[in-house]
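Asks: File target_2.cif below, mmCIF, C-alpha atoms:
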```cif
data_query
loop_
_atom_site.label_atom_id
_atom_site.label_comp_id
_atom_site.auth_asym_id
_atom_site.auth_seq_id
_atom_site.Cartn_x
_atom_site.Cartn_y
_atom_site.Cartn_z
CA MET A 1 132.45 68.52 83.23
CA ILE A 2 133.79 65.93 85.67
CA VAL A 3 136.75 63.57 85.33
CA ASP A 4 136.72 60.33 87.31
CA THR A 5 140.43 60.17 88.05
CA HIS A 6 140.35 56.64 89.49
CA CYS A 7 137.93 53.96 88.31
CA HIS A 8 138.67 50.29 87.65
CA LEU A 9 136.74 49.87 84.43
CA ASP A 10 138.85 46.76 83.76
CA ASP A 11 137.20 45.01 86.70
CA PRO A 12 135.15 41.94 85.66
CA ARG A 13 132.07 43.49 87.25
CA PHE A 14 131.90 45.87 84.27
CA ASP A 15 132.37 43.22 81.57
CA GLU A 16 128.69 42.87 80.74
CA ASP A 17 127.61 46.52 80.61
CA LEU A 18 130.64 48.78 80.14
CA ASP A 19 128.99 50.69 77.30
CA ALA A 20 126.00 51.44 79.52
CA VAL A 21 128.23 52.39 82.47
CA ILE A 22 130.08 54.94 80.38
CA ALA A 23 126.84 56.25 78.87
CA ARG A 24 125.30 56.75 82.33
CA ALA A 25 128.44 58.54 83.47
CA GLU A 26 128.37 60.92 80.53
CA GLU A 27 124.70 61.63 81.12
CA ALA A 28 125.70 62.62 84.67
CA GLY A 29 128.42 64.96 83.37
CA VAL A 30 131.39 62.62 83.81
CA MET A 31 133.18 62.93 80.50
CA GLU A 32 136.64 61.44 81.04
CA PHE A 33 138.01 58.49 82.99
CA ILE A 34 141.38 57.23 84.23
CA VAL A 35 141.82 53.49 84.80
CA PRO A 36 144.71 52.90 87.23
CA GLY A 37 147.00 49.92 86.97
CA ALA A 38 146.71 47.56 89.93
CA ASP A 39 146.71 43.89 88.99
CA PRO A 40 149.34 43.11 86.31
CA THR A 41 147.01 40.52 84.80
CA THR A 42 144.45 43.19 83.82
CA LEU A 43 146.78 45.85 82.39
CA GLU A 44 146.36 44.74 78.79
CA LYS A 45 142.60 44.85 79.31
CA ALA A 46 142.84 48.44 80.60
CA VAL A 47 144.89 49.40 77.55
CA ALA A 48 142.29 47.82 75.25
CA ILE A 49 139.50 49.77 76.97
CA ALA A 50 141.45 53.03 76.57
CA GLU A 51 141.95 52.27 72.89
CA ARG A 52 138.26 51.52 72.43
CA TYR A 53 136.92 54.63 74.19
CA PRO A 54 138.46 58.04 73.34
CA GLU A 55 137.45 59.42 76.74
CA VAL A 56 139.28 56.71 78.73
CA TYR A 57 142.94 56.89 79.80
CA PHE A 58 145.02 54.44 81.82
CA ALA A 59 148.01 54.20 84.14
CA VAL A 60 150.60 51.46 84.54
CA GLY A 61 151.27 50.19 88.03
CA VAL A 62 151.21 47.38 90.53
CA HIS A 63 149.17 47.55 93.74
CA PRO A 64 151.14 46.69 96.91
CA TYR A 65 149.06 43.52 97.32
CA ASP A 66 150.61 42.30 94.06
CA ALA A 67 154.14 43.51 94.83
CA ARG A 68 155.55 40.00 94.58
CA ASN A 69 154.36 39.87 90.95
CA TYR A 70 156.03 43.14 90.00
CA ASP A 71 157.67 43.21 86.57
CA ARG A 72 159.07 46.59 85.54
CA GLY A 73 159.65 45.40 82.00
CA PHE A 74 155.98 44.57 81.60
CA LEU A 75 154.96 48.08 82.69
CA GLU A 76 157.53 49.62 80.36
CA ARG A 77 155.82 47.91 77.42
CA PHE A 78 152.84 50.22 77.88
CA ILE A 79 154.15 53.35 79.59
CA GLY A 80 154.92 55.02 76.26
CA HIS A 81 151.35 54.53 74.98
CA GLU A 82 149.66 57.82 74.05
CA LYS A 83 146.81 57.10 76.50
CA CYS A 84 149.08 56.32 79.48
CA VAL A 85 148.95 59.28 81.87
CA ALA A 86 150.52 58.03 85.14
CA VAL A 87 152.31 55.32 87.10
CA GLY A 88 150.18 53.58 89.71
CA GLU A 89 148.33 52.70 91.66
CA CYS A 90 151.43 51.92 93.66
CA GLY A 91 152.28 52.45 97.30
CA LEU A 92 152.13 50.66 100.63
CA ASP A 93 149.34 48.71 102.29
CA TYR A 94 149.88 47.28 105.77
CA TYR A 95 146.23 46.37 106.38
CA ARG A 96 146.71 42.68 105.59
CA LEU A 97 150.14 41.52 106.71
CA PRO A 98 151.29 37.94 107.30
CA GLU A 99 151.78 36.58 110.79
CA GLY A 100 155.17 36.60 112.47
CA GLU A 101 157.75 39.36 112.80
CA GLU A 102 160.06 38.03 110.10
CA ALA A 103 157.23 37.59 107.61
CA ILE A 104 155.90 41.09 108.33
CA ALA A 105 159.35 42.62 107.90
CA GLU A 106 159.84 40.77 104.61
CA GLU A 107 156.45 41.86 103.27
CA LYS A 108 157.13 45.49 104.13
CA ARG A 109 160.58 45.30 102.54
CA ILE A 110 159.17 43.96 99.28
CA GLN A 111 156.39 46.54 99.17
CA LYS A 112 158.86 49.38 99.78
CA GLU A 113 161.29 48.16 97.11
CA VAL A 114 158.53 47.84 94.54
CA PHE A 115 157.07 51.23 95.47
CA VAL A 116 160.43 52.98 95.15
CA ASP A 117 161.07 51.33 91.79
CA GLN A 118 157.72 52.58 90.49
CA ILE A 119 158.54 56.07 91.78
CA GLU A 120 161.79 55.88 89.82
CA LEU A 121 159.91 54.60 86.76
CA ALA A 122 157.58 57.61 86.95
CA LYS A 123 160.53 60.00 87.12
CA GLU A 124 162.28 58.35 84.18
CA HIS A 125 159.17 58.78 82.01
CA ASP A 126 158.02 62.12 83.44
CA LYS A 127 154.71 60.72 84.70
CA PRO A 128 152.79 61.58 87.87
CA LEU A 129 152.13 58.91 90.50
CA ILE A 130 148.84 57.42 91.67
CA VAL A 131 149.60 56.45 95.27
CA HIS A 132 147.75 53.90 97.38
CA ILE A 133 148.22 54.26 101.15
CA ARG A 134 146.57 52.10 103.79
CA GLU A 135 147.81 52.00 107.38
CA ALA A 136 151.26 53.00 106.13
CA SER A 137 151.14 56.80 106.06
CA ARG A 138 154.50 57.57 107.64
CA ASP A 139 156.48 55.08 105.57
CA CYS A 140 154.74 56.27 102.39
CA GLN A 141 155.35 59.91 103.19
CA ASP A 142 159.01 59.25 103.96
CA LEU A 143 159.55 57.46 100.63
CA LEU A 144 157.71 60.11 98.62
CA GLU A 145 159.65 62.92 100.25
CA LYS A 146 162.92 61.10 99.59
CA TYR A 147 162.37 59.80 96.06
CA ALA A 148 159.41 61.46 94.28
CA GLY A 149 160.11 63.84 91.43
CA GLU A 150 158.69 67.24 90.55
CA ARG A 151 155.65 65.81 88.75
CA GLY A 152 154.22 64.67 92.09
CA GLY A 153 150.98 62.74 91.83
CA VAL A 154 147.75 61.98 93.67
CA LEU A 155 147.13 60.33 97.02
CA HIS A 156 144.33 58.01 95.98
CA CYS A 157 141.42 57.72 98.44
CA TYR A 158 142.97 60.29 100.77
CA ASN A 159 142.70 58.90 104.29
CA ALA A 160 142.41 62.19 106.24
CA ASP A 161 145.90 61.97 107.77
CA HIS A 162 146.60 65.69 108.25
CA GLN A 163 150.37 65.16 108.11
CA LEU A 164 150.03 64.03 104.50
CA LEU A 165 148.85 67.54 103.66
CA GLN A 166 152.52 68.50 103.74
CA LEU A 167 152.87 66.70 100.42
CA ALA A 168 150.80 69.40 98.72
CA LYS A 169 154.03 71.41 98.68
CA ARG A 170 155.62 68.56 96.70
CA ASN A 171 152.96 68.78 93.97
CA PHE A 172 150.75 66.03 95.35
CA TYR A 173 146.99 66.11 94.96
CA TYR A 174 144.26 64.46 97.04
CA GLY A 175 141.77 62.04 95.52
CA ILE A 176 138.37 62.42 97.16
CA GLY A 177 135.88 59.61 96.74
CA GLY A 178 132.70 58.15 98.10
CA VAL A 179 134.02 57.86 101.65
CA LEU A 180 133.39 61.60 102.05
CA THR A 181 129.64 60.91 101.83
CA PHE A 182 129.64 58.18 104.50
CA LYS A 183 127.94 58.95 107.79
CA ASN A 184 130.99 57.69 109.70
CA ALA A 185 133.50 59.81 107.71
CA ARG A 186 133.79 62.41 110.49
CA LYS A 187 137.59 62.63 110.34
CA LEU A 188 137.71 63.14 106.58
CA VAL A 189 134.91 65.71 106.75
CA GLU A 190 136.87 67.63 109.37
CA VAL A 191 140.18 67.51 107.48
CA TYR A 192 138.75 68.11 104.02
CA PRO A 193 138.55 71.95 104.30
CA ARG A 194 142.29 72.03 104.98
CA ILE A 195 143.12 70.59 101.56
CA PRO A 196 144.13 73.38 99.17
CA ARG A 197 141.46 73.72 96.50
CA ASP A 198 144.06 73.58 93.77
CA ARG A 199 144.98 70.09 94.99
CA LEU A 200 141.52 68.46 94.88
CA LEU A 201 140.60 65.61 92.53
CA ILE A 202 137.38 63.62 92.19
CA GLU A 203 137.44 59.81 92.00
CA THR A 204 135.06 56.91 92.54
CA ASP A 205 137.41 53.91 92.85
CA ALA A 206 134.57 52.07 91.09
CA PRO A 207 133.43 49.38 91.61
CA TYR A 208 134.49 49.95 95.24
CA LEU A 209 133.56 52.55 97.90
CA THR A 210 130.14 53.45 96.54
CA PRO A 211 128.91 56.82 97.83
CA HIS A 212 125.67 57.49 99.63
CA PRO A 213 122.85 56.98 98.66
CA TYR A 214 123.97 53.87 96.72
CA ARG A 215 126.33 52.47 99.32
CA GLY A 216 126.33 48.68 99.24
CA LYS A 217 125.80 48.51 95.48
CA ARG A 218 128.37 48.41 92.69
CA ASN A 219 130.03 51.77 92.34
CA GLU A 220 130.34 53.41 88.92
CA PRO A 221 131.66 56.71 87.52
CA ALA A 222 128.20 58.29 87.24
CA TYR A 223 128.24 58.56 91.04
CA CYS A 224 130.98 61.20 90.86
CA ARG A 225 128.11 63.69 91.08
CA PHE A 226 127.32 62.69 94.66
CA ILE A 227 130.96 63.08 95.65
CA ALA A 228 131.25 66.45 93.92
CA GLU A 229 128.06 67.69 95.58
CA LYS A 230 129.44 66.84 99.03
CA MET A 231 132.78 68.43 98.18
CA ALA A 232 131.06 71.62 97.03
CA GLU A 233 129.01 71.73 100.22
CA LEU A 234 132.09 71.40 102.43
CA SER A 235 134.06 73.87 100.29
CA GLU A 236 131.16 76.33 100.51
CA ILE A 237 131.19 76.93 96.76
CA SER A 238 128.82 75.99 93.94
CA PHE A 239 128.82 72.57 92.33
CA GLU A 240 129.82 74.21 89.05
CA GLU A 241 132.79 75.98 90.61
CA LEU A 242 133.96 72.87 92.43
CA THR A 243 133.88 70.74 89.29
CA ARG A 244 135.65 73.48 87.30
CA ILE A 245 138.46 73.60 89.87
CA CYS A 246 138.84 69.82 89.90
CA ARG A 247 138.83 69.69 86.09
CA GLU A 248 141.65 72.24 85.95
CA ASN A 249 143.56 70.30 88.62
CA THR A 250 143.17 67.10 86.62
CA ARG A 251 144.41 68.74 83.45
CA ARG A 252 147.41 70.21 85.28
CA LEU A 253 148.44 66.90 86.86
CA PHE A 254 147.64 64.36 84.14
CA GLY A 255 147.73 66.53 81.04
CA ILE A 256 144.23 65.55 79.83
#
```
For this file, write the structure as structure tokens.
Replies:
Amino acid sequence: MIVDTHCHLDDPRFDEDLDAVIARAEEAGVMEFIVPGADPTTLEKAVAIAERYPEVYFAVGVHPYDARNYDRGFLERFIGHEKCVAVGECGLDYYRLPEGEEAIAEEKRIQKEVFVDQIELAKEHDKPLIVHIREASRDCQDLLEKYAGERGGVLHCYNADHQLLQLAKRNFYYGIGGVLTFKNARKLVEVYPRIPRDRLLIETDAPYLTPHPYRGKRNEPAYCRFIAEKMAELSEISFEELTRICRENTRRLFGI
């Protein structure tokens, strides 16, 4: 049994065939799903999906790209829902910054403030974090080490920065997705064996980051199998053992 710990089933690209997407996933052995919060405008949709499908859970959060639209009160409306399992995806993303030193500094300041507030929100409600990091590893690590609580969380789409492995000691897990199957994922392939097995999670980030052999097409949770197969190969254990370990890790972190 596999859990897709990060899939955007609230994305419009799933509007027309969500029933079929979930059916295909379950046929492939993917039996539970977590929809992270990212865009505040789609949170109510994610909640509705979780209420419609017993096997779907959700998180409340605001992606760093939407940091300027952050509204803690809006997230607090849903954080007590029985299907809410985490806060995120939240974090830092310096990949697309505005031009000019002052504008860059202001953007980073806003992202950091919003990230820290979501960390505090997670602590207040005893929820783990789903953390997005892109070209901001050191700043993210510093903030997590300073503010994160004992529940820890998951580093979504782990980027192979070996220094982030230190966060395993702070109860952080590592979300492994389709990138691991890419031919140009040499760094992640090399670092992957250093991740403690009891800190591994499987995720697709659907509809993004589609694994080989479907790269270039819409990603969906059924493709967790390709990710898990590559993980098992690199871990030098059976597919069944790898998925069992990741299922136990998911239950331990998210309580599902």
Asks: What is the CA of Val189 in chain A to CA of His212 in chain A distance in Å?
Replies: 14.3 Å
Asks: Give me the residues near Val154 in chain A as a list in words, where near means some atom within 6 Å (using only C-alpha atoms) and where sequence neighbours in that chain fewer than 2 positions away do not count.
Replies: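 The filter keeps Ile130, His156, Phe172, Tyr173 and Tyr174 of chain A.
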Asks: Name the residues that the PyMOL selection byres ((chain A and resi 125) around 12) picks from the file above, as a VMD selection string, using the file's chain letters and numbers.
Replies: chain A and resid 60 75 to 76 78 to 81 84 to 87 118 to 124 126 to 129 149 151
Asks: Neighbouring residues of Glu150 in chain A were defined as those with any atom within 8 Å, considering all atoms listed in the file; residues of the same chain fewer than 2 positions away were excluded. Please report them as a list in words.
Replies: Ala148, Gly152, Arg170 and Asn171 of chain A
Asks: Take CA of Cys224 in chain A and CA of Glu241 in chain A and report the distance between them in Å, one decimal.
Replies: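 Interatomic distance, CA of Cys224 in chain A to CA of Glu241 in chain A: 14.9 Å.
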Asks: Could you name the residues that touch Tyr192 in chain A at 8 Å or less, counting all atoms listed in the file, but leaving out those on the same chain fewer than 3 positions away, as a PyMOL selection string?
Replies: chain A and resi 160+188-189+195+234
Asks: When the PyMOL selection byres ((chain A and resi 3) around 6) is applied to the structure above, which residues does it catch, written out as a list in words?
Replies: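 Here the PyMOL selection byres ((chain A and resi 3) around 6) matches Ile2, Asp4, Thr5, Val30, Glu32 and Phe33 of chain A.
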Asks: Set the distance at 10 Å and use all atoms listed in the file: which residues neighbour Phe226 in chain A once local chain neighbours fewer than 2 positions away are removed? I'd like the list as an MDAnalysis selection string.
Replies: chainID A and resid 177:178 180:181 204 210:214 222:224 228:232
Asks: Kindly indicate which residue among A:Glu203, A:Glu220, A:Glu26, A:Glu145 lies nearest to Tyr158 in chain A, using only C-alpha atoms for the distances.
Replies: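 Going through A:Glu203, A:Glu220, A:Glu26, A:Glu145 one by one, the smallest distance to Tyr158 in chain A is for A:Glu203.
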Asks: Please determine, counting all atoms listed in the file, which residue among A:Ile176, A:Ala103, A:Leu167, A:Ile49 has the shortest atom-to-atom distance to Ile202 in chain A.
Replies: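 Using all atoms listed in the file, the shortest distance to Ile202 in chain A belongs to A:Ile176.
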Asks: Env of Arg68 in chain A: 12 Å cut, atoms = all atoms listed in the file, seq-sep filter 6 positions within chain, self excluded. Answer as a PyMOL selection string.
Replies: chain A and resi 39-40+62+106-115
Asks: Include C-alpha atoms and write out the residues we just selected as a tab-separated table (two decimals), in the coordinates of the input.
Replies:
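Final output, again_18.tsv:
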```tsv
chain	number	residue	atom	x	y	z
A	39	ASP	CA	146.71	43.89	88.99
A	40	PRO	CA	149.34	43.11	86.31
A	62	VAL	CA	151.21	47.38	90.53
A	106	GLU	CA	159.84	40.77	104.61
A	107	GLU	CA	156.45	41.86	103.27
A	108	LYS	CA	157.13	45.49	104.13
A	109	ARG	CA	160.58	45.30	102.54
A	110	ILE	CA	159.17	43.96	99.28
A	111	GLN	CA	156.39	46.54	99.17
A	112	LYS	CA	158.86	49.38	99.78
A	113	GLU	CA	161.29	48.16	97.11
A	114	VAL	CA	158.53	47.84	94.54
A	115	PHE	CA	157.07	51.23	95.47
```
Asks: Quote the spacing between CA of Pro12 in chain A and CA of Arg52 in chain A in Å to one decimal place.
Replies: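 These atoms are spaced 16.6 Å apart.
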